[in-house]
file entry-v1.txt (compact mmCIF, C-alpha atoms)
# COMPACT_ATOMS: atom_id res chain seq x y z
CA MET A 5 29.30 -194.51 -8.74
CA SER A 6 30.50 -194.43 -12.34
CA ALA A 7 29.10 -191.99 -14.86
CA GLY A 8 31.09 -193.67 -17.60
CA LEU A 9 28.80 -196.68 -17.85
CA ARG A 10 25.43 -196.91 -19.52
CA MET A 11 23.06 -199.63 -18.31
CA LEU A 12 21.02 -201.79 -20.63
CA THR A 13 18.63 -204.32 -19.05
CA ARG A 14 16.72 -207.29 -20.27
CA SER A 15 14.31 -208.43 -17.60
CA ARG A 16 12.70 -211.86 -17.66
CA SER A 17 10.88 -211.41 -14.38
CA ARG A 18 7.23 -212.33 -14.29
CA SER A 19 6.72 -210.41 -11.07
CA PRO A 20 4.05 -207.69 -11.29
CA ARG A 21 6.25 -205.60 -9.00
CA THR A 22 8.91 -205.23 -11.67
CA ARG A 23 7.89 -202.10 -13.49
CA PRO A 24 9.86 -199.91 -15.90
CA ARG A 25 10.83 -196.44 -14.77
CA ARG A 26 8.63 -193.63 -15.91
CA GLY A 27 9.52 -192.28 -19.35
CA GLY A 28 12.00 -195.12 -19.92
CA GLU A 29 14.69 -193.25 -17.99
CA GLU A 30 17.75 -195.12 -16.76
CA PRO A 31 19.20 -195.03 -13.24
CA ALA A 32 21.62 -192.17 -12.76
CA SER A 33 24.40 -194.50 -11.64
CA ILE A 34 25.00 -198.01 -10.45
CA PRO A 35 28.11 -199.44 -8.75
CA ARG A 36 30.38 -200.92 -11.39
CA ARG A 37 30.65 -204.28 -9.58
CA GLU A 38 26.91 -204.90 -9.84
CA VAL A 39 27.08 -206.42 -13.28
CA ALA A 40 24.45 -209.13 -12.75
CA ALA A 41 21.73 -208.76 -10.09
CA GLU A 42 19.58 -211.56 -8.85
CA GLY A 43 16.16 -210.86 -7.42
CA ARG A 44 15.49 -213.30 -4.67
CA LYS A 45 12.54 -213.15 -2.32
CA LYS A 46 12.79 -214.42 1.26
CA HIS A 47 10.33 -217.10 2.39
CA ARG A 48 7.49 -215.66 4.36
CA PRO A 49 5.13 -218.02 6.27
CA GLY A 50 1.59 -218.03 5.10
CA LYS A 51 2.25 -216.16 1.87
CA CYS A 52 2.61 -217.45 -1.67
CA GLN A 53 6.04 -217.25 -3.18
CA GLN A 54 6.40 -215.61 -6.54
CA LYS A 55 8.71 -217.12 -9.09
CA THR A 56 11.41 -214.60 -9.97
CA GLN A 57 14.02 -215.15 -12.65
CA ARG A 58 17.37 -213.46 -13.05
CA LEU A 59 17.63 -209.86 -14.12
CA HIS A 60 20.48 -209.60 -16.60
CA VAL A 61 22.25 -206.27 -16.62
CA ALA A 62 24.67 -205.28 -19.37
CA TYR A 63 26.85 -202.21 -19.36
CA GLU A 64 28.34 -200.33 -22.24
CA ALA A 65 31.60 -198.63 -21.32
CA LEU A 66 31.90 -195.12 -22.72
CA ASP A 67 34.98 -193.85 -24.50
CA GLY A 68 38.13 -193.93 -22.41
CA GLU A 69 36.67 -196.14 -19.64
CA LYS A 70 36.80 -199.85 -19.00
CA GLY A 71 33.78 -201.61 -17.64
CA GLU A 72 35.35 -204.29 -15.47
CA GLY A 73 33.27 -207.41 -15.49
CA ALA A 74 30.75 -205.80 -17.79
CA GLU A 75 28.83 -207.95 -20.20
CA PRO A 76 29.87 -207.04 -23.77
CA LEU A 77 27.24 -205.04 -25.59
CA LYS A 78 26.40 -206.44 -28.99
CA VAL A 79 24.73 -204.09 -31.43
CA SER A 80 23.72 -205.38 -34.82
CA ALA A 81 23.89 -202.62 -37.42
CA TRP A 82 23.07 -202.77 -41.10
CA GLU A 83 25.86 -202.34 -43.60
CA PRO A 84 25.91 -202.88 -47.37
CA GLN A 85 27.16 -206.20 -48.61
CA GLY A 86 30.70 -206.13 -49.97
CA TRP A 87 31.26 -202.43 -49.30
CA GLN A 88 34.85 -202.91 -48.13
CA GLN A 89 35.85 -204.45 -51.47
CA GLN A 90 33.93 -201.80 -53.40
CA LEU A 91 35.74 -199.08 -51.45
CA ALA A 92 39.12 -200.73 -52.01
CA ASN A 93 38.44 -200.87 -55.74
CA ILE A 94 37.48 -197.19 -55.83
CA ARG A 95 40.69 -196.32 -54.01
CA THR A 96 42.63 -198.23 -56.64
CA MET A 97 40.85 -196.44 -59.48
CA ARG A 98 41.48 -193.09 -57.77
CA SER A 99 45.11 -193.76 -56.88
CA LYS A 100 46.47 -191.32 -59.48
CA LYS A 101 44.57 -188.41 -57.94
CA ASP A 102 44.09 -186.82 -61.34
CA ALA A 103 40.40 -185.87 -61.23
CA PRO A 104 39.40 -182.18 -61.36
CA VAL A 105 38.54 -182.20 -57.66
CA ASP A 106 42.09 -183.24 -56.82
CA GLN A 107 43.60 -180.06 -58.26
CA LEU A 108 40.70 -177.59 -58.14
CA GLY A 109 38.69 -178.48 -55.03
CA ALA A 110 38.02 -176.09 -52.14
CA GLU A 111 41.32 -176.96 -50.45
CA HIS A 112 43.18 -175.67 -53.51
CA CYS A 113 41.30 -172.41 -54.12
CA TYR A 114 42.46 -170.24 -51.22
CA ASP A 115 45.64 -168.21 -50.87
CA PRO A 116 47.97 -170.23 -48.59
CA SER A 117 50.00 -167.10 -47.80
CA ALA A 118 47.00 -165.15 -46.50
CA PRO A 119 46.28 -164.80 -42.76
CA PRO A 120 44.26 -167.71 -41.26
CA LYS A 121 41.08 -165.66 -41.01
CA VAL A 122 41.29 -164.67 -44.69
CA ARG A 123 42.10 -168.24 -45.75
CA ARG A 124 39.01 -169.51 -43.99
CA TYR A 125 36.87 -166.85 -45.65
CA GLN A 126 38.24 -167.79 -49.07
CA VAL A 127 37.49 -171.47 -48.41
CA LEU A 128 33.88 -170.62 -47.60
CA LEU A 129 33.52 -168.43 -50.69
CA SER A 130 34.91 -171.11 -52.96
CA LEU A 131 32.37 -173.56 -51.56
CA MET A 132 29.53 -171.10 -52.11
CA LEU A 133 30.62 -170.65 -55.73
CA SER A 134 31.01 -174.41 -56.31
CA SER A 135 27.32 -175.25 -55.98
CA GLN A 136 25.96 -176.49 -59.33
CA THR A 137 29.30 -175.54 -60.90
CA LYS A 138 32.21 -177.53 -62.29
CA ASP A 139 35.47 -177.32 -60.39
CA GLN A 140 37.25 -175.70 -63.32
CA VAL A 141 34.74 -172.83 -63.42
CA THR A 142 34.87 -172.34 -59.64
CA ALA A 143 38.68 -172.23 -59.70
CA GLY A 144 38.63 -169.61 -62.46
CA ALA A 145 36.23 -167.39 -60.52
CA MET A 146 38.37 -167.70 -57.39
CA GLN A 147 41.49 -166.69 -59.30
CA ARG A 148 39.79 -163.52 -60.56
CA LEU A 149 38.54 -162.67 -57.09
CA ARG A 150 41.90 -163.28 -55.45
CA ALA A 151 43.64 -161.09 -58.03
CA ARG A 152 41.69 -158.13 -56.58
CA GLY A 153 42.43 -159.09 -52.97
CA LEU A 154 39.77 -161.45 -51.66
CA THR A 155 38.75 -160.42 -48.14
CA VAL A 156 35.49 -159.63 -46.39
CA ASP A 157 36.15 -155.91 -46.72
CA SER A 158 37.09 -156.05 -50.40
CA ILE A 159 33.93 -157.98 -51.27
CA LEU A 160 31.72 -155.52 -49.38
CA GLN A 161 33.39 -152.66 -51.22
CA THR A 162 32.77 -154.29 -54.63
CA ASP A 163 29.52 -153.34 -56.34
CA ASP A 164 27.16 -156.12 -57.37
CA SER A 165 27.72 -155.63 -61.09
CA THR A 166 31.48 -156.00 -60.81
CA LEU A 167 31.17 -158.99 -58.48
CA GLY A 168 28.84 -160.65 -60.98
CA GLU A 169 31.38 -160.14 -63.77
CA LEU A 170 34.12 -161.66 -61.63
CA ILE A 171 32.27 -164.85 -60.71
CA TYR A 172 30.46 -165.43 -64.02
CA PRO A 173 29.83 -168.10 -65.38
CA VAL A 174 29.34 -170.04 -62.13
CA GLY A 175 25.90 -171.57 -61.79
CA PHE A 176 23.19 -169.22 -60.51
CA TRP A 177 25.72 -166.40 -60.39
CA ARG A 178 23.13 -163.68 -59.82
CA SER A 179 21.83 -165.38 -56.68
CA LYS A 180 25.37 -166.03 -55.53
CA VAL A 181 26.25 -162.33 -55.80
CA LYS A 182 23.42 -161.61 -53.36
CA PHE A 183 24.34 -164.46 -51.00
CA ILE A 184 28.05 -163.56 -50.98
CA LYS A 185 27.28 -159.95 -50.11
CA GLN A 186 24.81 -160.90 -47.35
CA THR A 187 27.10 -163.53 -45.85
CA SER A 188 30.12 -161.21 -45.95
CA ALA A 189 28.18 -158.52 -44.11
CA ILE A 190 27.15 -161.02 -41.41
CA LEU A 191 30.73 -162.22 -41.00
CA GLN A 192 31.97 -158.65 -40.63
CA GLN A 193 29.29 -157.69 -38.11
CA HIS A 194 29.12 -160.83 -35.99
CA TYR A 195 32.34 -162.80 -36.50
CA ASP A 196 34.99 -160.10 -36.84
CA GLY A 197 35.52 -161.11 -40.48
CA ASP A 198 36.06 -164.79 -39.67
CA ILE A 199 33.72 -167.69 -40.44
CA PRO A 200 31.69 -169.64 -37.86
CA ALA A 201 33.25 -172.75 -36.33
CA SER A 202 30.10 -174.87 -36.20
CA VAL A 203 27.83 -176.48 -38.76
CA ALA A 204 24.73 -174.93 -37.21
CA GLU A 205 26.10 -171.41 -37.58
CA LEU A 206 27.47 -172.04 -41.06
CA VAL A 207 24.19 -173.31 -42.50
CA ALA A 208 22.46 -170.25 -41.04
CA LEU A 209 24.46 -168.09 -43.46
CA PRO A 210 22.75 -167.14 -46.76
CA GLY A 211 23.73 -169.48 -49.58
CA VAL A 212 25.48 -172.06 -47.35
CA GLY A 213 24.11 -175.61 -47.31
CA PRO A 214 25.02 -178.71 -45.27
CA LYS A 215 27.59 -180.02 -47.78
CA MET A 216 29.40 -176.67 -47.81
CA ALA A 217 29.26 -176.49 -44.02
CA HIS A 218 30.83 -179.91 -43.49
CA LEU A 219 33.53 -179.20 -46.06
CA ALA A 220 34.22 -175.80 -44.52
CA MET A 221 34.61 -177.42 -41.12
CA ALA A 222 37.08 -179.93 -42.58
CA VAL A 223 39.13 -177.63 -44.82
CA ALA A 224 38.97 -174.35 -42.88
CA TRP A 225 38.88 -175.62 -39.31
CA GLY A 226 40.36 -179.13 -39.60
CA THR A 227 37.31 -180.67 -37.93
CA ILE A 228 35.35 -183.62 -39.31
CA SER A 229 31.75 -182.82 -38.45
CA GLY A 230 30.01 -185.10 -40.93
CA ILE A 231 30.08 -186.54 -44.44
CA ALA A 232 29.93 -183.92 -47.18
CA VAL A 233 27.46 -185.24 -49.75
CA ASP A 234 27.10 -183.59 -53.15
CA THR A 235 25.45 -184.85 -56.30
CA HIS A 236 28.31 -187.27 -57.05
CA VAL A 237 28.32 -188.87 -53.60
CA HIS A 238 24.52 -189.01 -53.60
CA ARG A 239 24.43 -190.72 -57.00
CA ILE A 240 27.20 -193.24 -56.33
CA ALA A 241 25.95 -194.19 -52.86
CA ASN A 242 22.57 -195.10 -54.36
CA ARG A 243 24.09 -196.95 -57.32
CA LEU A 244 26.22 -199.09 -54.99
CA ARG A 245 23.27 -199.54 -52.60
CA TRP A 246 25.25 -197.95 -49.79
CA THR A 247 21.97 -196.75 -48.31
CA GLN A 248 19.56 -199.18 -46.72
CA ARG A 249 16.82 -197.82 -48.94
CA PRO A 250 16.91 -195.39 -51.90
CA THR A 251 17.38 -191.76 -50.92
CA LYS A 252 16.02 -188.75 -52.76
CA SER A 253 18.32 -185.98 -51.54
CA PRO A 254 21.99 -185.50 -50.61
CA GLU A 255 20.99 -184.77 -47.01
CA ALA A 256 19.07 -188.04 -46.77
CA THR A 257 22.09 -189.81 -48.22
CA ARG A 258 24.38 -188.18 -45.68
CA ALA A 259 22.21 -189.35 -42.80
CA ALA A 260 22.03 -192.87 -44.24
CA LEU A 261 25.80 -193.11 -44.76
CA GLU A 262 26.63 -191.80 -41.30
CA GLU A 263 24.50 -194.57 -39.76
CA TRP A 264 26.95 -197.29 -40.80
CA LEU A 265 30.14 -195.91 -42.41
CA PRO A 266 33.01 -195.93 -39.86
CA ARG A 267 33.76 -192.40 -38.71
CA GLU A 268 37.43 -192.68 -39.60
CA LEU A 269 36.38 -192.83 -43.27
CA TRP A 270 34.19 -189.71 -43.23
CA SER A 271 37.01 -187.34 -44.17
CA GLU A 272 38.03 -189.44 -47.16
CA ILE A 273 34.75 -190.37 -48.72
CA ASN A 274 33.78 -187.04 -50.32
CA GLY A 275 36.92 -186.46 -52.37
CA LEU A 276 37.17 -190.14 -53.22
CA LEU A 277 33.63 -190.45 -54.59
CA VAL A 278 33.55 -187.01 -56.22
CA GLY A 279 36.62 -187.84 -58.30
CA PHE A 280 35.22 -191.29 -59.06
CA GLY A 281 32.01 -189.64 -60.24
CA GLN A 282 33.91 -187.17 -62.40
CA GLN A 283 35.95 -189.86 -64.15
CA THR A 284 34.13 -193.20 -64.09
CA CYS A 285 30.69 -193.29 -62.49
CA LEU A 286 29.34 -190.49 -64.65
CA PRO A 287 25.78 -189.16 -64.27
CA VAL A 288 24.92 -190.25 -67.80
CA HIS A 289 26.52 -193.22 -69.54
CA PRO A 290 28.69 -194.40 -66.65
CA ARG A 291 31.86 -196.19 -67.74
CA CYS A 292 30.96 -199.51 -66.19
CA GLN A 293 33.23 -201.48 -68.54
CA ALA A 294 36.24 -199.68 -67.08
CA CYS A 295 35.07 -199.94 -63.46
CA LEU A 296 36.62 -202.49 -61.10
CA ASN A 297 33.27 -202.71 -59.33
CA GLN A 298 31.33 -203.81 -62.39
CA ALA A 299 30.73 -207.30 -60.98
CA LEU A 300 29.99 -205.91 -57.48
CA CYS A 301 27.71 -202.99 -58.41
CA PRO A 302 23.96 -203.75 -58.27
CA THR A 303 23.23 -200.98 -60.75
CA ALA A 304 25.81 -202.22 -63.27
CA GLN A 305 24.28 -205.69 -63.06
CA GLY A 306 20.93 -204.24 -64.06
CA LEU A 307 22.23 -202.40 -67.12
call {"tool": "encode", "arguments": {"input": "entry-v1.txt", "output": "structure tokens"}}
result
Amino acid sequence: MSAGLRMLTRSRSRSPRTRPRRGGEEPASIPRREVAAEGRKKHRPGKCQQKTQRLHVAYEALDGEKGEGAEPLKVSAWEPQGWQQQLANIRTMRSKKDAPVDQLGAEHCYDPSAPPKVRRYQVLLSLMLSSQTKDQVTAGAMQRLRARGLTVDSILQTDDSTLGELIYPVGFWRSKVKFIKQTSAILQQHYDGDIPASVAELVALPGVGPKMAHLAMAVAWGTISGIAVDTHVHRIANRLRWTQRPTKSPEATRAALEEWLPRELWSEINGLLVGFGQQTCLPVHPRCQACLNQALCPTAQGL
């Protein structure tokens, strides 16, 4: 038996005896050599013969296994028209890497000389501060915090008023003071001062959303868990029609992108589109005349 194969069947049998398994469940395993099975009934005197056609069985080999003799599985998936050329053009426009995110993003805000646990904590804090805040303002707040020694213990020992002065003028700074204190206490009590290593645990922390969690996994842990979608990625994906239908939230955009965008591009797409949104595809008055995708962008064609 091979657990590395998944069976997909398309039955053309008209026999009333051919019934699907309860609940649509698949057989636990089938010998690999049984790629195509034929249902043939023996002649029995005095009884009518039922016409039975072939039962076609296709197998999909899982990662790392070869399905010998297996019928190739063809899956038709939606993808936006011309997206490869649009992406290539964005890469060209972003080749200088001179957008704010390239120098002041989360991967540039932590102290590289700090112990790994402290670096990861600083990455998470920079992401919490970055919500609804420009990269320049987030970087400034992180510099002031690091100058006082930015660790879980130092934050818990800082009173709320002083912490507010250090992170001001980040967006919603009063709420972020509360979230930073609550999250730091949880990390000290339950994670020995480190940050969680899963998206589910990260988003359970006060003030941490899905975008922050996916970026924290990438920057702090070196794991690509999903596409980090902020307001720039959300806006540009909808302008380029990179979602099968319009989406109303970054999380809906993330789910839509992950349905078709090749996984090997997930780590690149956030920084690429954020910088593109900071420099060219602006929220208001986008610079379409300077964009290489002007002739390929559905939104630009409608302006």
call {"tool": "residues_around", "arguments": {"input": "entry-v1.txt", "residues": "Gly279 (chain A)", "least_positions_apart": "6", "cutoff": "12 Å", "atoms": "all atoms listed in the file", "output": "PyMOL selection string"}}
result
chain A and resi 94-95+97-109+138-139+234-237+240+272-273+285-286
call {"tool": "residues_around", "arguments": {"input": "entry-v1.txt", "residues": "Gly86 (chain A)", "least_positions_apart": "4", "cutoff": "12 Å", "atoms": "all atoms listed in the file", "output": "compact mmCIF listing (two decimals) with C-alpha atoms, in the coordinates of the input"}}
result
# COMPACT_ATOMS: atom_id res chain seq x y z
CA GLN A 90 33.93 -201.80 -53.40
CA LEU A 91 35.74 -199.08 -51.45
CA ALA A 92 39.12 -200.73 -52.01
CA ASN A 93 38.44 -200.87 -55.74
CA LEU A 244 26.22 -199.09 -54.99
CA ARG A 245 23.27 -199.54 -52.60
CA TRP A 246 25.25 -197.95 -49.79
CA ASN A 297 33.27 -202.71 -59.33
CA ALA A 299 30.73 -207.30 -60.98
CA LEU A 300 29.99 -205.91 -57.48
CA CYS A 301 27.71 -202.99 -58.41
CA PRO A 302 23.96 -203.75 -58.27
call {"tool": "closest_residue", "arguments": {"input": "entry-v1.txt", "among": "A:Trp177, A:Trp82, A:Trp225, A:Trp270", "to": "Ser135 (chain A)", "atoms": "all atoms listed in the file"}}
result
A:Trp177
call {"tool": "closest_residue", "arguments": {"input": "entry-v1.txt", "among": "A:Gly197, A:Gly230, A:Pro119, A:Pro173", "to": "Asp157 (chain A)", "atoms": "only C-alpha atoms"}}
result
A:Gly197
call {"tool": "atom_distance", "arguments": {"input": "entry-v1.txt", "atom1": "CA of Glu262 (chain A)", "atom2": "CA of Gly281 (chain A)"}}
result
19.8 Å
call {"tool": "closest_residue", "arguments": {"input": "entry-v1.txt", "among": "A:Ile190, A:Ile171, A:Cys292, A:Leu277", "to": "His238 (chain A)", "atoms": "only C-alpha atoms"}}
result
A:Leu277
call {"tool": "residues_around", "arguments": {"input": "entry-v1.txt", "residues": "region 220-223 of chain A", "least_positions_apart": "4", "cutoff": "9 Å", "atoms": "all atoms listed in the file", "output": "list in words"}}
result
Ala110, Glu111, Arg124, Val127, Leu128, Leu131, Pro200, Ala201, Ser202, Val203, Leu206, Lys215, Met216, Thr227, Ile228, Ser229, Gly230 and Ser271 of chain A
call {"tool": "write_last_selection", "arguments": {"input": "entry-v1.txt", "atoms": "C-alpha atoms", "output": "compact mmCIF listing (two decimals), in the frame of the given file"}}
result
# COMPACT_ATOMS: atom_id res chain seq x y z
CA ALA A 110 38.02 -176.09 -52.14
CA GLU A 111 41.32 -176.96 -50.45
CA ARG A 124 39.01 -169.51 -43.99
CA VAL A 127 37.49 -171.47 -48.41
CA LEU A 128 33.88 -170.62 -47.60
CA LEU A 131 32.37 -173.56 -51.56
CA PRO A 200 31.69 -169.64 -37.86
CA ALA A 201 33.25 -172.75 -36.33
CA SER A 202 30.10 -174.87 -36.20
CA VAL A 203 27.83 -176.48 -38.76
CA LEU A 206 27.47 -172.04 -41.06
CA LYS A 215 27.59 -180.02 -47.78
CA MET A 216 29.40 -176.67 -47.81
CA THR A 227 37.31 -180.67 -37.93
CA ILE A 228 35.35 -183.62 -39.31
CA SER A 229 31.75 -182.82 -38.45
CA GLY A 230 30.01 -185.10 -40.93
CA SER A 271 37.01 -187.34 -44.17
call {"tool": "closest_residue", "arguments": {"input": "entry-v1.txt", "among": "A:Leu296, A:Arg123, A:Lys185, A:Pro210", "to": "Gly153 (chain A)", "atoms": "all atoms listed in the file"}}
result
A:Arg123
call {"tool": "closest_residue", "arguments": {"input": "entry-v1.txt", "among": "A:Ser188, A:Thr251, A:Ser179, A:Thr142", "to": "Thr162 (chain A)", "atoms": "all atoms listed in the file"}}
result
A:Ser188
call {"tool": "closest_residue", "arguments": {"input": "entry-v1.txt", "among": "A:Val207, A:Ala118, A:Ala304, A:Leu160", "to": "Met132 (chain A)", "atoms": "only C-alpha atoms"}}
result
A:Val207
call {"tool": "atom_distance", "arguments": {"input": "entry-v1.txt", "atom1": "CA of Arg148 (chain A)", "atom2": "CA of Lys121 (chain A)"}}
result
19.7 Å
call {"tool": "axis_aligned_box", "arguments": {"input": "entry-v1.txt", "around": "region 145-159 of chain A", "padding_each_side": "5 Å", "output": "JSON"}}
result
{"center_x": 38.8, "center_y": -161.8, "center_z": -53.5, "size_x": 19.7, "size_y": 21.8, "size_z": 24.2}
call {"tool": "atom_distance", "arguments": {"input": "entry-v1.txt", "atom1": "CA of Asp198 (chain A)", "atom2": "CA of Leu129 (chain A)"}}
result
11.9 Å
call {"tool": "residues_around", "arguments": {"input": "entry-v1.txt", "residues": "Ile159 (chain A)", "least_positions_apart": "5", "cutoff": "12 Å", "atoms": "all atoms listed in the file", "output": "list in words"}}
result
Val122, Tyr125, Gln126, Leu129, Leu149, Arg150, Arg152, Gly153, Leu154, Asp164, Ser165, Thr166, Leu167, Gly168, Leu170, Ile171, Val181, Lys182, Phe183, Ile184, Lys185, Gln186, Thr187, Ser188, Ala189, Leu191, Gln192 and Gly197 of chain A
call {"tool": "decode", "arguments": {"input": "entry-v1.txt", "residues": "region 142-153 of chain A", "atoms": "N, CA and C atoms", "output": "short mmCIF file (atom, residue, chain, number, x, y, z; two decimals), in the first residue's frame"}}
result
data_model
loop_
_atom_site.label_atom_id
_atom_site.label_comp_id
_atom_site.auth_asym_id
_atom_site.auth_seq_id
_atom_site.Cartn_x
_atom_site.Cartn_y
_atom_site.Cartn_z
N THR A 142 7.89 54.83 12.55
CA THR A 142 8.15 53.58 13.28
C THR A 142 9.63 53.45 13.60
N ALA A 143 10.48 53.73 12.63
CA ALA A 143 11.93 53.61 12.83
C ALA A 143 12.41 54.57 13.93
N GLY A 144 11.85 55.77 13.96
CA GLY A 144 12.23 56.74 14.99
C GLY A 144 11.85 56.26 16.38
N ALA A 145 10.65 55.70 16.50
CA ALA A 145 10.20 55.18 17.80
C ALA A 145 11.08 54.01 18.24
N MET A 146 11.45 53.15 17.31
CA MET A 146 12.30 52.01 17.65
C MET A 146 13.69 52.47 18.09
N GLN A 147 14.20 53.50 17.48
CA GLN A 147 15.52 54.02 17.89
C GLN A 147 15.48 54.53 19.33
N ARG A 148 14.40 55.24 19.68
CA ARG A 148 14.28 55.76 21.05
C ARG A 148 14.13 54.62 22.06
N LEU A 149 13.38 53.60 21.70
CA LEU A 149 13.21 52.46 22.59
C LEU A 149 14.52 51.70 22.77
N ARG A 150 15.21 51.47 21.68
CA ARG A 150 16.47 50.71 21.74
C ARG A 150 17.54 51.46 22.53
N ALA A 151 17.49 52.79 22.51
CA ALA A 151 18.48 53.58 23.25
C ALA A 151 18.37 53.34 24.75
N ARG A 152 17.20 52.87 25.22
CA ARG A 152 17.00 52.60 26.65
C ARG A 152 17.17 51.11 26.97
N GLY A 153 17.50 50.33 25.93
CA GLY A 153 17.62 48.89 26.14
C GLY A 153 16.28 48.21 25.94
#
